[in-house]
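As structure tokens, the structure follows; a few thoughts come after it.
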Amino acid sequence: MGYRLLYGLFYVLSLLPFSVLYVIADGFYLIVYHLVGYRRRVVRRNLTLSFPEMSLSEIKKTEKAFYHWLCDYFMETVKLLSISDRQLAKHLEFRGAEQIEQCFDKGQACAAMLGHYCNWEYLSATGIAMTRWERAVMGLIYHPLRNKVFDRLFIAIREKHGGTCIPKKDILRRLVEYRRSGSMSLFGYIADQSPKWENIHLFLPFMHQDTPVFTGAERIIRKMNNAVFYVHMERPSRGKYVCTFELMTDRPQEMEEYELTKDFFVRLERNIQEQPAFYLWTHDRWKRTREVYDRKVAAGEIRG
């Protein structure tokens, strides 16, 4: 299917009101969870290991709530293609954005660290929260998809409300360019990605599991000396999100190595525990273990 056709189909779908989109999402839930069973083993294992205090009935309840939300997430993301900023503001509340503008006032660019929690795609619309720095660059760092058609589609969705998509391989160069031109920017880093074996530099306790974590965001933030915020998200009701920017530090270069990454995962875990169903449990993020990592280092397959 070509890009124009796919975009057209998704755009027509996005014109439907939220009430109808959620009815469709309910139908998808029956297919994805009950008929197809999409990654149910991975989800069940992740939830069981992450919440050892939960009974089996509680795990199943959270599991079903997760799949309901996952189908909602898809429809909500499609809706971004046609919804206006004014309409979106009724579904997405920003708190703490004035702190970002205060950093801009001082000439300091910003970074935001977030996880795959609630609808992270909505963060592409952060610009609607700015009252004095409407022309600041609201950036999104992304890993290009293998499927070029879907890659173009998601870029279109993410840039619909003023976001600027930058491939992760180009981000440092672009940040330097923005700084040299005097442009203020806020770039979001989805920092709970699973690193490849050769990119593992740190293991942390996260959700009761020994977890290899991605440290690239911290390295870039420290190099650029950006003020950095944790993006705390919550979903008080269906179709409603609240995004709060929590200042982690405006002096990252003064922090110890990995301190920023450790702080991020503490905040993310606390955020997940508030509403467990809204984390991306289908991702097999604990497939790379310290035991196998140490064995690979000892065998000389990777450098520790």
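Chain labels run A, B, ... following the order of the structure tokens; each chain numbers its residues from 1, and ligands are numbered from 1 in the order shown.
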Q: Taking the DSSP assignment computed from this structure's backbone, write out as a VMD selection string all residues of stretch 1-100 of chain A that belong to strand (DSSP E).
A: chain A and resid 92 to 95
Q. What's the 9 Å shell around A:Phe278, counting only C-alpha atoms, without same-chain residues fewer than 3 positions away, as a VMD selection string?
A. chain A and resid 65 to 66 69 to 70 116 to 119 234 to 235 272 275 281
(Q) Ranking A:Tyr3, A:Trp133, A:Tyr11, A:Tyr22 by minimum distance to A:Asp151 and counting only C-alpha atoms, which one comes first? (A) A:Tyr3
Q | Per-residue DSSP, stretch 76-290 of chain A, filtered to helix (DSSP H, G or I), as a ChimeraX atom specification | A | /A:76-79,85-88,97-105,120-129,148-159,168-181,197-199,216-224,252-254,259-274,276-278,290
(Q) Considering only C-alpha atoms, can you say which of A:Val149, A:Cys165, A:Val297, A:Met113 comes closest to A:Arg267? (A) A:Met113
Q.
Need the shell around A:Thr77: protein/DNA/RNA residues with any atom at most 9 Å away, counting only C-alpha atoms. Skip same-chain ones fewer than 5 positions apart. Format as a PyMOL selection string?
A. chain A and resi 14+72+119+121-122+157-158
Output all heavy atoms for every residue in the selection just made, as a PDB file, in the first residue's frame.
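The result, stored in part-v3.pdb:
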```pdb
ATOM      1  N   SER A  14      -9.476   9.494  11.044  1.00  0.00           N
ATOM      2  CA  SER A  14      -9.237  10.500  12.083  1.00  0.00           C
ATOM      3  C   SER A  14     -10.364  11.527  12.177  1.00  0.00           C
ATOM      4  O   SER A  14     -10.488  12.233  13.186  1.00  0.00           O
ATOM      5  CB  SER A  14      -7.911  11.216  11.834  1.00  0.00           C
ATOM      6  OG  SER A  14      -8.013  12.144  10.760  1.00  0.00           O
ATOM      7  N   ASP A  72      -6.899   1.961  22.425  1.00  0.00           N
ATOM      8  CA  ASP A  72      -7.228   3.386  22.508  1.00  0.00           C
ATOM      9  C   ASP A  72      -6.066   4.229  21.999  1.00  0.00           C
ATOM     10  O   ASP A  72      -6.262   5.215  21.275  1.00  0.00           O
ATOM     11  CB  ASP A  72      -7.521   3.790  23.956  1.00  0.00           C
ATOM     12  CG  ASP A  72      -8.902   3.351  24.422  1.00  0.00           C
ATOM     13  OD1 ASP A  72      -9.656   2.774  23.610  1.00  0.00           O
ATOM     14  OD2 ASP A  72      -9.223   3.600  25.594  1.00  0.00           O
ATOM     15  N   ASN A 119      -0.033   8.158  26.397  1.00  0.00           N
ATOM     16  CA  ASN A 119       0.137   8.368  24.956  1.00  0.00           C
ATOM     17  C   ASN A 119       1.282   9.339  24.707  1.00  0.00           C
ATOM     18  O   ASN A 119       1.076  10.556  24.679  1.00  0.00           O
ATOM     19  CB  ASN A 119      -1.149   8.883  24.314  1.00  0.00           C
ATOM     20  CG  ASN A 119      -1.097   8.746  22.793  1.00  0.00           C
ATOM     21  OD1 ASN A 119      -0.046   8.878  22.190  1.00  0.00           O
ATOM     22  ND2 ASN A 119      -2.232   8.472  22.182  1.00  0.00           N
ATOM     23  N   GLU A 121       2.791   9.900  22.059  1.00  0.00           N
ATOM     24  CA  GLU A 121       2.671  10.607  20.780  1.00  0.00           C
ATOM     25  C   GLU A 121       2.062  11.996  20.967  1.00  0.00           C
ATOM     26  O   GLU A 121       2.333  12.911  20.183  1.00  0.00           O
ATOM     27  CB  GLU A 121       1.812   9.801  19.802  1.00  0.00           C
ATOM     28  CG  GLU A 121       2.324   8.417  19.478  1.00  0.00           C
ATOM     29  CD  GLU A 121       3.634   8.412  18.703  1.00  0.00           C
ATOM     30  OE1 GLU A 121       4.101   9.476  18.282  1.00  0.00           O
ATOM     31  OE2 GLU A 121       4.197   7.311  18.533  1.00  0.00           O
ATOM     32  N   TYR A 122       1.257  12.163  22.002  1.00  0.00           N
ATOM     33  CA  TYR A 122       0.635  13.461  22.250  1.00  0.00           C
ATOM     34  C   TYR A 122       1.668  14.533  22.586  1.00  0.00           C
ATOM     35  O   TYR A 122       1.386  15.732  22.475  1.00  0.00           O
ATOM     36  CB  TYR A 122      -0.382  13.348  23.390  1.00  0.00           C
ATOM     37  CG  TYR A 122      -1.766  12.949  22.945  1.00  0.00           C
ATOM     38  CD1 TYR A 122      -1.977  12.220  21.783  1.00  0.00           C
ATOM     39  CD2 TYR A 122      -2.880  13.284  23.698  1.00  0.00           C
ATOM     40  CE1 TYR A 122      -3.243  11.850  21.377  1.00  0.00           C
ATOM     41  CE2 TYR A 122      -4.162  12.916  23.307  1.00  0.00           C
ATOM     42  CZ  TYR A 122      -4.332  12.200  22.143  1.00  0.00           C
ATOM     43  OH  TYR A 122      -5.593  11.836  21.751  1.00  0.00           O
ATOM     44  N   ILE A 157       2.226  12.338  11.359  1.00  0.00           N
ATOM     45  CA  ILE A 157       1.413  12.448  12.573  1.00  0.00           C
ATOM     46  C   ILE A 157       2.130  13.290  13.620  1.00  0.00           C
ATOM     47  O   ILE A 157       1.546  14.197  14.231  1.00  0.00           O
ATOM     48  CB  ILE A 157       1.088  11.053  13.138  1.00  0.00           C
ATOM     49  CG1 ILE A 157       0.114  10.317  12.212  1.00  0.00           C
ATOM     50  CG2 ILE A 157       0.504  11.160  14.549  1.00  0.00           C
ATOM     51  CD1 ILE A 157      -0.136   8.868  12.599  1.00  0.00           C
ATOM     52  N   ARG A 158       3.405  13.017  13.809  1.00  0.00           N
ATOM     53  CA  ARG A 158       4.161  13.699  14.855  1.00  0.00           C
ATOM     54  C   ARG A 158       4.455  15.152  14.533  1.00  0.00           C
ATOM     55  O   ARG A 158       4.686  15.958  15.443  1.00  0.00           O
ATOM     56  CB  ARG A 158       5.465  12.929  15.112  1.00  0.00           C
ATOM     57  CG  ARG A 158       5.228  11.574  15.763  1.00  0.00           C
ATOM     58  CD  ARG A 158       6.426  10.665  15.675  1.00  0.00           C
ATOM     59  NE  ARG A 158       6.164   9.387  16.335  1.00  0.00           N
ATOM     60  CZ  ARG A 158       6.934   8.305  16.226  1.00  0.00           C
ATOM     61  NH1 ARG A 158       8.026   8.350  15.467  1.00  0.00           N
ATOM     62  NH2 ARG A 158       6.619   7.204  16.856  1.00  0.00           N
TER      63      ARG A 158
END
```
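For stretch 192-201 of chain A, the list of residues within 7 Å, based on only C-alpha atoms and with local chain neighbours fewer than 4 positions off taken out, reads Gly115, Pro212, Val213, Phe214, Arg285, Ile302 and Arg303 of chain A.
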How about saving the chosen residues, N, CA and C atoms kept, as a PDB file, in the first residue's frame?
```
ATOM      1  N   GLY A 115       9.081   7.970  29.115  1.00  0.00           N
ATOM      2  CA  GLY A 115       9.037   6.550  28.797  1.00  0.00           C
ATOM      3  C   GLY A 115       7.871   6.235  27.889  1.00  0.00           C
ATOM      4  N   PRO A 212      19.057  -3.670  31.713  1.00  0.00           N
ATOM      5  CA  PRO A 212      20.031  -2.879  30.946  1.00  0.00           C
ATOM      6  C   PRO A 212      19.333  -1.618  30.446  1.00  0.00           C
ATOM      7  N   VAL A 213      19.962  -0.475  30.620  1.00  0.00           N
ATOM      8  CA  VAL A 213      19.282   0.782  30.291  1.00  0.00           C
ATOM      9  C   VAL A 213      20.065   1.592  29.259  1.00  0.00           C
ATOM     10  N   PHE A 214      19.337   2.392  28.537  1.00  0.00           N
ATOM     11  CA  PHE A 214      19.888   3.259  27.499  1.00  0.00           C
ATOM     12  C   PHE A 214      20.443   4.519  28.162  1.00  0.00           C
ATOM     13  N   ARG A 285      11.484  -5.865  26.994  1.00  0.00           N
ATOM     14  CA  ARG A 285      12.657  -5.067  27.347  1.00  0.00           C
ATOM     15  C   ARG A 285      13.625  -5.784  28.282  1.00  0.00           C
ATOM     16  N   ILE A 302      31.692  -8.768  22.863  1.00  0.00           N
ATOM     17  CA  ILE A 302      31.428  -7.339  22.981  1.00  0.00           C
ATOM     18  C   ILE A 302      32.411  -6.757  24.004  1.00  0.00           C
ATOM     19  N   ARG A 303      32.564  -5.447  23.963  1.00  0.00           N
ATOM     20  CA  ARG A 303      33.458  -4.769  24.920  1.00  0.00           C
ATOM     21  C   ARG A 303      32.642  -4.263  26.096  1.00  0.00           C
TER      22      ARG A 303
END
```
(Q) I'd like the contact shell of A:Met255 - 10 Å cut-off, only C-alpha atoms, skipping same-chain residues fewer than 5 positions apart - returned as a PyMOL selection string. (A) chain A and resi 222+249+260
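Remark: for A:Tyr7, the closest of the candidate residues A:Ala129, A:Ile155, A:Ala111, A:Val36 is A:Ile155 (distances computed over only C-alpha atoms).
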